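File shown: data_11.pdb (PDB, C-alpha atoms (C1' of nucleotides)).
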ATOM      1  CA  MET A   1      -7.076-167.271   2.945  1.00  0.00           C
ATOM      2  CA  LYS A   2      -6.175-164.008   4.541  1.00  0.00           C
ATOM      3  CA  ILE A   3      -2.648-162.823   4.248  1.00  0.00           C
ATOM      4  CA  ARG A   4      -1.423-160.143   6.536  1.00  0.00           C
ATOM      5  CA  LEU A   5       1.940-158.607   6.105  1.00  0.00           C
ATOM      6  CA  ARG A   6       3.171-158.450   9.629  1.00  0.00           C
ATOM      7  CA  THR A   7       6.517-156.796   9.386  1.00  0.00           C
ATOM      8  CA  ILE A   8       8.902-155.916   6.713  1.00  0.00           C
ATOM      9  CA  PHE A   9      12.456-155.295   7.749  1.00  0.00           C
ATOM     10  CA  GLN A  10      14.907-153.688   5.491  1.00  0.00           C
ATOM     11  CA  GLU A  11      18.391-153.399   6.696  1.00  0.00           C
ATOM     12  CA  LYS A  12      20.600-150.906   4.995  1.00  0.00           C
ATOM     13  CA  LEU A  13      24.172-151.982   4.959  1.00  0.00           C
ATOM     14  CA  ASN A  14      27.050-150.232   3.309  1.00  0.00           C
ATOM     15  CA  GLY A  15      24.836-147.846   1.456  1.00  0.00           C
ATOM     16  CA  HIS A  16      22.625-150.378  -0.259  1.00  0.00           C
ATOM     17  CA  TYR A  17      19.910-152.825   0.741  1.00  0.00           C
ATOM     18  CA  SER A  18      21.765-156.040   1.189  1.00  0.00           C
ATOM     19  CA  ASN A  19      19.660-157.968   3.636  1.00  0.00           C
ATOM     20  CA  CYS A  20      15.922-157.838   3.258  1.00  0.00           C
ATOM     21  CA  ARG A  21      13.860-160.079   5.521  1.00  0.00           C
ATOM     22  CA  ILE A  22      10.161-160.452   5.071  1.00  0.00           C
ATOM     23  CA  ARG A  23       7.959-162.187   7.598  1.00  0.00           C
ATOM     24  CA  VAL A  24       4.488-163.064   6.459  1.00  0.00           C
ATOM     25  CA  LYS A  25       1.817-164.299   8.796  1.00  0.00           C
ATOM     26  CA  ILE A  26      -0.840-166.317   7.056  1.00  0.00           C
ATOM     27  CA  LYS A  27      -4.240-166.541   8.649  1.00  0.00           C
ATOM     28  CA  MET A  28      -6.606-169.148   7.389  1.00  0.00           C
ATOM     29  CA  PHE A  29     -10.300-168.676   7.762  1.00  0.00           C
ATOM     30  CA  SER A  30     -13.057-171.072   6.919  1.00  0.00           C
ATOM     31  CA  LEU A  31     -16.274-169.674   5.631  1.00  0.00           C
ATOM     32  CA  LEU A  32     -19.825-170.960   5.833  1.00  0.00           C
ATOM     33  CA  VAL A  33     -22.668-169.417   3.886  1.00  0.00           C
ATOM     34  CA  LEU A  34     -26.177-170.775   3.933  1.00  0.00           C
ATOM     35  CA  LYS A  35     -29.682-169.529   3.346  1.00  0.00           C
ATOM     36  CA  LEU A  36     -32.587-170.514   5.555  1.00  0.00           C
ATOM     37  CA  ASP A  37     -35.880-169.356   4.121  1.00  0.00           C
ATOM     38  CA  SER A  38     -35.183-165.765   3.218  1.00  0.00           C
ATOM     39  CA  ILE A  39     -32.320-165.239   5.633  1.00  0.00           C
ATOM     40  CA  TRP A  40     -28.664-165.558   4.767  1.00  0.00           C
ATOM     41  CA  ILE A  41     -26.281-166.719   7.435  1.00  0.00           C
ATOM     42  CA  GLY A  42     -22.545-166.389   7.181  1.00  0.00           C
ATOM     43  CA  ALA A  43     -19.937-167.614   9.616  1.00  0.00           C
ATOM     44  CA  ILE A  44     -16.178-167.627   9.710  1.00  0.00           C
ATOM     45  CA  CYS A  45     -13.839-169.515  11.964  1.00  0.00           C
ATOM     46  CA  ASN A  46     -10.141-169.990  12.351  1.00  0.00           C
ATOM     47  CA  LYS A  47      -8.419-173.235  13.198  1.00  0.00           C
ATOM     48  CA  GLU A  48     -10.075-173.660  16.555  1.00  0.00           C
ATOM     49  CA  LYS A  49     -12.731-171.024  17.142  1.00  0.00           C
ATOM     50  CA  LEU A  50     -15.655-169.233  15.600  1.00  0.00           C
ATOM     51  CA  VAL A  51     -14.704-165.680  14.774  1.00  0.00           C
ATOM     52  CA  ARG A  52     -17.929-164.052  13.621  1.00  0.00           C
ATOM     53  CA  ILE A  53     -21.449-164.772  12.461  1.00  0.00           C
ATOM     54  CA  SER A  54     -23.649-162.530  10.412  1.00  0.00           C
ATOM     55  CA  LEU A  55     -27.315-162.562   9.440  1.00  0.00           C
ATOM     56  CA  SER A  56     -28.900-160.671   6.588  1.00  0.00           C
ATOM     57  CA  PHE A  57     -31.665-160.674   4.039  1.00  0.00           C
ATOM     58  CA  LYS A  58     -29.094-159.755   1.429  1.00  0.00           C
ATOM     59  CA  LYS A  59     -26.257-162.059   0.571  1.00  0.00           C
ATOM     60  CA  GLU A  60     -24.017-159.165  -0.348  1.00  0.00           C
ATOM     61  CA  SER A  61     -24.036-157.592   3.071  1.00  0.00           C
ATOM     62  CA  LEU A  62     -22.885-160.818   4.696  1.00  0.00           C
ATOM     63  CA  PHE A  63     -19.377-160.384   3.439  1.00  0.00           C
ATOM     64  CA  ALA A  64     -19.044-156.789   4.490  1.00  0.00           C
ATOM     65  CA  ASP A  65     -20.351-157.718   7.896  1.00  0.00           C
ATOM     66  CA  LEU A  66     -17.935-160.609   8.192  1.00  0.00           C
ATOM     67  CA  ARG A  67     -15.189-158.282   7.022  1.00  0.00           C
ATOM     68  CA  ILE A  68     -14.025-160.503   4.236  1.00  0.00           C
ATOM     69  CA  SER A  69     -14.283-160.270   0.500  1.00  0.00           C
ATOM     70  CA  LYS A  70     -16.638-162.685  -1.122  1.00  0.00           C
ATOM     71  CA  ASP A  71     -14.385-164.505  -3.538  1.00  0.00           C
ATOM     72  CA  LYS A  72     -11.947-165.883  -1.050  1.00  0.00           C
ATOM     73  CA  GLU A  73     -11.289-169.553  -1.146  1.00  0.00           C
ATOM     74  CA  ARG A  74     -13.171-171.683   1.279  1.00  0.00           C
ATOM     75  CA  TYR A  75     -11.699-174.380   3.439  1.00  0.00           C
ATOM     76  CA  SER A  76     -13.785-177.060   4.989  1.00  0.00           C
ATOM     77  CA  SER A  77     -14.061-177.030   8.740  1.00  0.00           C
ATOM     78  CA  SER A  78     -15.684-179.542  11.040  1.00  0.00           C
ATOM     79  CA  LEU A  79     -16.684-176.729  13.350  1.00  0.00           C
ATOM     80  CA  LEU A  80     -18.617-174.993  10.606  1.00  0.00           C
ATOM     81  CA  GLU A  81     -20.152-178.258   9.469  1.00  0.00           C
ATOM     82  CA  ARG A  82     -21.470-178.804  12.958  1.00  0.00           C
ATOM     83  CA  LEU A  83     -22.753-175.240  13.041  1.00  0.00           C
ATOM     84  CA  ARG A  84     -24.466-175.671   9.692  1.00  0.00           C
ATOM     85  CA  ASP A  85     -26.270-178.797  10.897  1.00  0.00           C
ATOM     86  CA  ASP A  86     -27.256-177.157  14.163  1.00  0.00           C
ATOM     87  CA  LEU A  87     -28.578-174.065  12.418  1.00  0.00           C
ATOM     88  CA  ILE A  88     -30.684-176.136  10.066  1.00  0.00           C
ATOM     89  CA  ASP A  89     -32.102-178.101  12.981  1.00  0.00           C
ATOM     90  CA  TYR A  90     -32.686-174.886  14.913  1.00  0.00           C
ATOM     91  CA  TRP A  91     -34.603-173.505  11.970  1.00  0.00           C
ATOM     92  CA  HIS A  92     -36.709-176.669  11.986  1.00  0.00           C
ATOM     93  CA  LEU A  93     -37.738-175.936  15.574  1.00  0.00           C
ATOM     94  CA  LYS A  94     -35.323-178.205  17.371  1.00  0.00           C
ATOM     95  CA  LYS A  95     -34.147-176.820  20.693  1.00  0.00           C
ATOM     96  CA  ILE A  96     -30.502-176.606  19.865  1.00  0.00           C
ATOM     97  CA  ASN A  97     -28.065-175.720  22.598  1.00  0.00           C
ATOM     98  CA  PHE A  98     -25.296-173.559  21.183  1.00  0.00           C
ATOM     99  CA  ASP A  99     -23.503-173.139  24.497  1.00  0.00           C
ATOM    100  CA  ASN A 100     -20.419-175.180  23.834  1.00  0.00           C
ATOM    101  CA  TYR A 101     -19.195-173.633  20.629  1.00  0.00           C
ATOM    102  CA  PRO A 102     -15.697-172.231  20.996  1.00  0.00           C
ATOM    103  CA  LEU A 103     -15.911-168.484  20.421  1.00  0.00           C
ATOM    104  CA  LYS A 104     -13.094-166.093  19.825  1.00  0.00           C
ATOM    105  CA  LEU A 105     -13.835-163.430  22.424  1.00  0.00           C
ATOM    106  CA  SER A 106     -10.323-162.351  23.255  1.00  0.00           C
ATOM    107  CA  ASP A 107     -10.584-158.986  21.537  1.00  0.00           C
ATOM    108  CA  TYR A 108     -13.556-157.752  23.516  1.00  0.00           C
ATOM    109  CA  SER A 109     -13.870-155.923  26.825  1.00  0.00           C
ATOM    110  CA  TYR A 110     -14.615-157.572  30.132  1.00  0.00           C
ATOM    111  CA  PHE A 111     -17.930-155.774  30.270  1.00  0.00           C
ATOM    112  CA  ALA A 112     -18.935-156.988  26.829  1.00  0.00           C
ATOM    113  CA  LYS A 113     -17.986-160.544  27.672  1.00  0.00           C
ATOM    114  CA  SER A 114     -20.045-160.558  30.856  1.00  0.00           C
ATOM    115  CA  VAL A 115     -23.054-159.117  29.073  1.00  0.00           C
ATOM    116  CA  TRP A 116     -22.805-161.808  26.408  1.00  0.00           C
ATOM    117  CA  LYS A 117     -22.239-164.561  28.952  1.00  0.00           C
ATOM    118  CA  ASN A 118     -25.414-163.616  30.801  1.00  0.00           C
ATOM    119  CA  THR A 119     -27.276-163.382  27.529  1.00  0.00           C
ATOM    120  CA  GLN A 120     -26.300-166.988  26.878  1.00  0.00           C
ATOM    121  CA  ARG A 121     -27.954-167.968  30.154  1.00  0.00           C
ATOM    122  CA  ILE A 122     -31.402-166.997  28.874  1.00  0.00           C
ATOM    123  CA  PRO A 123     -33.130-170.313  28.116  1.00  0.00           C
ATOM    124  CA  TYR A 124     -34.443-171.198  24.704  1.00  0.00           C
ATOM    125  CA  GLY A 125     -37.845-169.694  24.075  1.00  0.00           C
ATOM    126  CA  GLU A 126     -37.667-167.190  26.940  1.00  0.00           C
ATOM    127  CA  VAL A 127     -36.886-163.490  26.959  1.00  0.00           C
ATOM    128  CA  ARG A 128     -35.291-161.083  29.405  1.00  0.00           C
ATOM    129  CA  SER A 129     -34.956-157.302  29.436  1.00  0.00           C
ATOM    130  CA  TYR A 130     -31.921-155.117  28.947  1.00  0.00           C
ATOM    131  CA  LYS A 131     -32.447-154.111  32.557  1.00  0.00           C
ATOM    132  CA  TRP A 132     -32.281-157.740  33.676  1.00  0.00           C
ATOM    133  CA  ILE A 133     -28.923-158.118  31.957  1.00  0.00           C
ATOM    134  CA  ALA A 134     -27.739-154.865  33.492  1.00  0.00           C
ATOM    135  CA  HIS A 135     -28.594-156.143  36.981  1.00  0.00           C
ATOM    136  CA  LYS A 136     -26.629-159.300  36.304  1.00  0.00           C
ATOM    137  CA  VAL A 137     -23.526-157.307  35.521  1.00  0.00           C
ATOM    138  CA  ASN A 138     -24.041-154.845  38.374  1.00  0.00           C
ATOM    139  CA  THR A 139     -24.711-151.695  36.449  1.00  0.00           C
ATOM    140  CA  ARG A 140     -27.597-149.417  35.678  1.00  0.00           C
ATOM    141  CA  GLY A 141     -26.133-148.687  32.282  1.00  0.00           C
ATOM    142  CA  TYR A 142     -29.027-150.114  30.321  1.00  0.00           C
ATOM    143  CA  ARG A 143     -28.035-148.335  27.191  1.00  0.00           C
ATOM    144  CA  ALA A 144     -24.490-149.576  27.544  1.00  0.00           C
ATOM    145  CA  VAL A 145     -25.932-153.082  27.581  1.00  0.00           C
ATOM    146  CA  GLY A 146     -27.800-152.310  24.387  1.00  0.00           C
ATOM    147  CA  ARG A 147     -24.687-150.940  22.803  1.00  0.00           C
ATOM    148  CA  VAL A 148     -22.697-154.049  23.633  1.00  0.00           C
ATOM    149  CA  LEU A 149     -25.459-156.333  22.379  1.00  0.00           C
ATOM    150  CA  SER A 150     -25.519-154.387  19.154  1.00  0.00           C
ATOM    151  CA  LEU A 151     -21.902-155.422  18.678  1.00  0.00           C
ATOM    152  CA  ASN A 152     -22.634-159.104  19.295  1.00  0.00           C
ATOM    153  CA  PRO A 153     -20.349-161.005  16.933  1.00  0.00           C
ATOM    154  CA  PHE A 154     -22.252-164.271  17.369  1.00  0.00           C
ATOM    155  CA  PRO A 155     -25.986-163.781  16.825  1.00  0.00           C
ATOM    156  CA  ILE A 156     -28.091-166.899  17.534  1.00  0.00           C
ATOM    157  CA  ILE A 157     -25.229-168.518  19.469  1.00  0.00           C
ATOM    158  CA  ILE A 158     -25.265-165.566  21.833  1.00  0.00           C
ATOM    159  CA  PRO A 159     -29.050-165.167  21.745  1.00  0.00           C
ATOM    160  CA  CYS A 160     -29.329-161.400  21.884  1.00  0.00           C
ATOM    161  CA  HIS A 161     -32.710-161.729  20.174  1.00  0.00           C
ATOM    162  CA  ARG A 162     -34.009-162.930  23.557  1.00  0.00           C
ATOM    163  CA  VAL A 163     -33.260-159.532  25.061  1.00  0.00           C
ATOM    164  CA  ILE A 164     -36.161-157.100  24.759  1.00  0.00           C
ATOM    165  CA  ARG A 165     -37.316-153.935  26.462  1.00  0.00           C
ATOM    166  CA  ASN A 166     -38.538-153.923  30.010  1.00  0.00           C
ATOM    167  CA  ASP A 167     -41.933-152.595  28.908  1.00  0.00           C
ATOM    168  CA  GLY A 168     -42.381-155.521  26.537  1.00  0.00           C
ATOM    169  CA  GLY A 169     -41.279-153.667  23.428  1.00  0.00           C
ATOM    170  CA  LEU A 170     -38.973-155.511  21.114  1.00  0.00           C
ATOM    171  CA  GLY A 171     -35.984-153.194  21.289  1.00  0.00           C
ATOM    172  CA  GLY A 172     -33.629-153.389  18.377  1.00  0.00           C
ATOM    173  CA  PHE A 173     -31.496-155.822  16.452  1.00  0.00           C
ATOM    174  CA  SER A 174     -28.366-155.013  14.533  1.00  0.00           C
ATOM    175  CA  ALA A 175     -29.272-157.284  11.617  1.00  0.00           C
ATOM    176  CA  GLY A 176     -32.744-155.762  11.472  1.00  0.00           C
ATOM    177  CA  ILE A 177     -35.811-156.089  13.642  1.00  0.00           C
ATOM    178  CA  GLU A 178     -37.481-158.455  11.188  1.00  0.00           C
ATOM    179  CA  ILE A 179     -34.816-161.066  11.832  1.00  0.00           C
ATOM    180  CA  LYS A 180     -35.252-160.665  15.588  1.00  0.00           C
ATOM    181  CA  LYS A 181     -38.978-161.235  15.204  1.00  0.00           C
ATOM    182  CA  ARG A 182     -38.293-164.263  13.064  1.00  0.00           C
ATOM    183  CA  LEU A 183     -35.967-165.858  15.615  1.00  0.00           C
ATOM    184  CA  LEU A 184     -38.408-165.254  18.449  1.00  0.00           C
ATOM    185  CA  LYS A 185     -41.171-166.759  16.361  1.00  0.00           C
ATOM    186  CA  ILE A 186     -39.112-169.871  15.707  1.00  0.00           C
ATOM    187  CA  GLU A 187     -38.546-170.331  19.424  1.00  0.00           C
ATOM    188  CA  LYS A 188     -42.179-169.815  20.352  1.00  0.00           C
ATOM    189  CA  ASN A 189     -43.148-173.168  18.897  1.00  0.00           C
TER     190      ASN A 189
ATOM    191  C1'  DA B 190     -17.127-136.438  22.276  1.00  0.00           C
ATOM    192  C1'  DA B 191     -20.579-139.250  20.401  1.00  0.00           C
ATOM    193  C1'  DC B 192     -22.990-143.341  20.252  1.00  0.00           C
ATOM    194  C1'  DT B 193     -26.252-147.200  21.751  1.00  0.00           C
ATOM    195  C1'  DG B 194     -30.741-152.658  20.792  1.00  0.00           C
ATOM    196  C1'  DT B 195     -32.856-148.306  27.669  1.00  0.00           C
ATOM    197  C1'  DC B 196     -35.597-146.790  31.674  1.00  0.00           C
ATOM    198  C1'  DG B 197     -38.971-144.449  34.100  1.00  0.00           C
ATOM    199  C1'  DC B 198     -41.332-140.361  35.096  1.00  0.00           C
ATOM    200  C1'  DG B 199     -44.450-136.511  34.228  1.00  0.00           C
ATOM    201  C1'  DA B 200     -47.688-134.305  31.234  1.00  0.00           C
ATOM    202  C1'  DA B 201     -51.197-134.533  27.908  1.00  0.00           C
ATOM    203  C1'  DG B 202     -55.037-136.774  25.552  1.00  0.00           C
TER     204       DG B 202
ATOM    205  C1'  DC C 203     -55.563-145.657  31.204  1.00  0.00           C
ATOM    206  C1'  DT C 204     -52.279-145.074  27.135  1.00  0.00           C
ATOM    207  C1'  DT C 205     -48.940-142.621  24.643  1.00  0.00           C
ATOM    208  C1'  DC C 206     -45.154-139.439  24.080  1.00  0.00           C
ATOM    209  C1'  DG C 207     -41.055-136.765  25.048  1.00  0.00           C
ATOM    210  C1'  DC C 208     -37.122-136.117  27.609  1.00  0.00           C
ATOM    211  C1'  DG C 209     -33.241-136.378  30.694  1.00  0.00           C
ATOM    212  C1'  DA C 210     -30.261-139.556  33.224  1.00  0.00           C
ATOM    213  C1'  DC C 211     -27.788-143.541  32.972  1.00  0.00           C
ATOM    214  C1'  DA C 212     -22.977-146.179  31.902  1.00  0.00           C
ATOM    215  C1'  DG C 213     -19.549-148.194  29.110  1.00  0.00           C
ATOM    216  C1'  DT C 214     -17.486-148.384  24.487  1.00  0.00           C
ATOM    217  C1'  DT C 215     -14.982-146.654  20.320  1.00  0.00           C
TER     218       DT C 215
END

Write-out of the structure in structure tokens:
Amino acid sequence: MKIRLRTIFQEKLNGHYSNCRIRVKIKMFSLLVLKLDSIWIGAICNKEKLVRISLSFKKESLFADLRISKDKERYSSSLLERLRDDLIDYWHLKKINFDNYPLKLSDYSYFAKSVWKNTQRIPYGEVRSYKWIAHKVNTRGYRAVGRVLSLNPFPIIIPCHRVIRNDGGLGGFSAGIEIKKRLLKIEKN
DNA sequence: AACTGTCGCGAAG
DNA sequence: CTTCGCGACAGTT
């Protein structure tokens, strides 16, 4: 449970604090943590949408990446249960379609959202280049595409691992190139 | 102002 | 023919 103090009003009347109103906004997050082979996957969601996913070889870095502290309480969530099942199936080589997960994208720029949307159009098992994505969003800012993909809050669901260099090189991956290789290997079967 | 997961060209081996 | 270095590119934080 994440508690954010929104506003604290203190009204000074007649020389002393006589009316103190406190409004607290409580945000509830559900947390999923699972390990598939050597890779840890963490995901958080709010009441209706996924908020962030993180991949790592080290469990500890999940929580920093998700921007939560690790000993928060966990609440069950049907969304995360579905995600957990899908991820396990995906890991066992099933061609899972992650397209219809509700994602919280409201905080991101139009450009970022269009890059991610086009990334989601790359079919399972196929790859496209950063340049290809750039064409789709009408820019020659290839590096800008890379920058936005590096900020991808939903790895696997937004399959940025399917985006590689135009010359066939792998490019990069924010969670580490080994994880990118691993995901591509899973999809090659 | 600095950063990024790029691209493509020219020069060198 | 392959590899390397470098400058241009564009959008974000």

Counting only C-alpha atoms (C1' of nucleotides), which residues in chain C sit no more than 12 Å from range 124-135 of chain A? For each one, give the nearest pair of atoms and the distance in Å, sorted by chain then residue number, as a Markdown table.
| residue | atom | partner | partner_atom | distance |
| --- | --- | --- | --- | --- |
| C:DC211 | C1' | A:Ala134 | CA | 11.3 |
| C:DA212 | C1' | A:Ala134 | CA | 10.0 |
| C:DG213 | C1' | A:Ala134 | CA | 11.4 |

Output of the above residues as a PDB file, keeping the file's coordinate frame, restricted to C-alpha atoms (C1' of nucleotides):
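Generated file (part.pdb):
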ATOM      1  C1'  DC C 211     -27.788-143.541  32.972  1.00  0.00           C
ATOM      2  C1'  DA C 212     -22.977-146.179  31.902  1.00  0.00           C
ATOM      3  C1'  DG C 213     -19.549-148.194  29.110  1.00  0.00           C
TER       4       DG C 213
END

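Note that the spacing between CA of Lys94 in chain A and CA of Val115 in chain A amounts to 25.5 Å.
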
Exercise. Please determine the contact residues of chain B with respect to chain A at a cut-off of 7 Å, counting all atoms listed in the file, and supply them as a VMD selection string.
Key: chain B and resid 193 to 195

Quick one: write out the picked residues with C-alpha atoms (C1' of nucleotides) as an mmCIF file, in the frame of the given file?
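This is the output file part02.cif:
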data_model
loop_
_atom_site.group_PDB
_atom_site.id
_atom_site.type_symbol
_atom_site.label_atom_id
_atom_site.label_comp_id
_atom_site.auth_asym_id
_atom_site.auth_seq_id
_atom_site.Cartn_x
_atom_site.Cartn_y
_atom_site.Cartn_z
ATOM 1 C "C1'" DT B 193 -26.252 -147.200 21.751
ATOM 2 C "C1'" DG B 194 -30.741 -152.658 20.792
ATOM 3 C "C1'" DT B 195 -32.856 -148.306 27.669
#

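When CA of Gln120 in chain A is paired with CA of Asn189 in chain A, their separation reads 19.6 Å.
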
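Restricting the calculation to only C-alpha atoms (C1' of nucleotides), the smallest distance between chain C and any of A:Tyr108, A:Phe154, A:Phe98, A:Trp40 is found for A:Tyr108.
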
Self-check item: Distance of CA of Phe57 in chain A from CA of Lys180 in chain A, expressed in Å to one decimal place
Solution: 12.1 Å

Exercise. Please work out which residues fall within 10 Å of (-38.1, -133.5, 29.2), coordinates as given in the file, with only C-alpha atoms (C1' of nucleotides) counting, and return them as a PyMOL selection string.
Key: (chain B and resi 198-200) or (chain C and resi 207-209)

Practice problem: Evaluate the PyMOL selection byres ((chain A and resi 60) around 12) here and jot the selected residues down as a ChimeraX atom specification. | Solution: /A:33,39-42,54-59,61-71

Do you know which residues the PyMOL selection byres ((chain C and resi 205) around 10) returns on this file, as an mmCIF file with C-alpha atoms (C1' of nucleotides), in the coordinates of the input?
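Just written: selection.cif:
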data_model
loop_
_atom_site.group_PDB
_atom_site.id
_atom_site.type_symbol
_atom_site.label_atom_id
_atom_site.label_comp_id
_atom_site.auth_asym_id
_atom_site.auth_seq_id
_atom_site.Cartn_x
_atom_site.Cartn_y
_atom_site.Cartn_z
ATOM 1 C "C1'" DA B 201 -51.197 -134.533 27.908
ATOM 2 C "C1'" DG B 202 -55.037 -136.774 25.552
ATOM 3 C "C1'" DC C 203 -55.563 -145.657 31.204
ATOM 4 C "C1'" DT C 204 -52.279 -145.074 27.135
ATOM 5 C "C1'" DC C 206 -45.154 -139.439 24.080
ATOM 6 C "C1'" DG C 207 -41.055 -136.765 25.048
#

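Residue nearest chain C, chosen from A:Ile156, A:Ile179, A:Ala112, A:Leu105 and counting all atoms listed in the file: A:Ala112.
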
How would range 110-117 of chain A look with all heavy atoms restored, written as a compact mmCIF listing (two decimals), keeping the file's coordinate frame?
# COMPACT_ATOMS: atom_id res chain seq x y z
N TYR A 110 -14.07 -156.74 29.07
CA TYR A 110 -14.62 -157.57 30.13
C TYR A 110 -16.12 -157.36 30.24
O TYR A 110 -16.89 -158.30 30.38
CB TYR A 110 -13.94 -157.23 31.46
CG TYR A 110 -14.55 -157.92 32.65
CD1 TYR A 110 -14.26 -159.26 32.91
CD2 TYR A 110 -15.45 -157.25 33.48
CE1 TYR A 110 -14.84 -159.92 33.97
CE2 TYR A 110 -16.03 -157.90 34.55
CZ TYR A 110 -15.73 -159.23 34.80
OH TYR A 110 -16.31 -159.87 35.84
N PHE A 111 -16.51 -156.10 30.18
CA PHE A 111 -17.93 -155.77 30.27
C PHE A 111 -18.73 -156.47 29.17
O PHE A 111 -19.75 -157.11 29.43
CB PHE A 111 -18.12 -154.26 30.18
CG PHE A 111 -19.56 -153.82 30.24
CD1 PHE A 111 -20.26 -153.80 31.43
CD2 PHE A 111 -20.21 -153.42 29.08
CE1 PHE A 111 -21.59 -153.39 31.48
CE2 PHE A 111 -21.55 -153.01 29.12
CZ PHE A 111 -22.22 -152.99 30.32
N ALA A 112 -18.23 -156.36 27.96
CA ALA A 112 -18.93 -156.99 26.83
C ALA A 112 -19.03 -158.49 27.04
O ALA A 112 -20.10 -159.09 26.83
CB ALA A 112 -18.21 -156.68 25.52
N LYS A 113 -17.96 -159.10 27.49
CA LYS A 113 -17.99 -160.54 27.67
C LYS A 113 -18.98 -160.95 28.75
O LYS A 113 -19.68 -161.96 28.61
CB LYS A 113 -16.58 -161.07 27.99
CG LYS A 113 -15.74 -161.21 26.74
CD LYS A 113 -14.38 -161.81 27.00
CE LYS A 113 -13.42 -160.78 27.53
NZ LYS A 113 -11.99 -161.18 27.35
N SER A 114 -19.08 -160.16 29.82
CA SER A 114 -20.05 -160.56 30.86
C SER A 114 -21.48 -160.35 30.39
O SER A 114 -22.36 -161.13 30.75
CB SER A 114 -19.78 -159.86 32.20
OG SER A 114 -18.91 -158.80 32.06
N VAL A 115 -21.70 -159.31 29.63
CA VAL A 115 -23.05 -159.12 29.07
C VAL A 115 -23.43 -160.31 28.19
O VAL A 115 -24.51 -160.89 28.31
CB VAL A 115 -23.13 -157.81 28.27
CG1 VAL A 115 -24.39 -157.77 27.40
CG2 VAL A 115 -23.10 -156.61 29.20
N TRP A 116 -22.50 -160.70 27.32
CA TRP A 116 -22.80 -161.81 26.41
C TRP A 116 -22.96 -163.12 27.15
O TRP A 116 -23.81 -163.95 26.81
CB TRP A 116 -21.71 -161.91 25.34
CG TRP A 116 -21.68 -160.71 24.43
CD1 TRP A 116 -22.73 -159.90 24.12
CD2 TRP A 116 -20.55 -160.17 23.73
NE1 TRP A 116 -22.32 -158.90 23.27
CE2 TRP A 116 -21.00 -159.04 23.01
CE3 TRP A 116 -19.21 -160.53 23.64
CZ2 TRP A 116 -20.15 -158.28 22.20
CZ3 TRP A 116 -18.36 -159.79 22.84
CH2 TRP A 116 -18.82 -158.66 22.13
N LYS A 117 -22.15 -163.32 28.18
CA LYS A 117 -22.24 -164.56 28.95
C LYS A 117 -23.61 -164.68 29.60
O LYS A 117 -24.25 -165.73 29.57
CB LYS A 117 -21.14 -164.59 30.02
CG LYS A 117 -21.13 -165.86 30.83
CD LYS A 117 -19.72 -166.20 31.29
CE LYS A 117 -18.85 -166.63 30.13
NZ LYS A 117 -17.50 -167.03 30.50
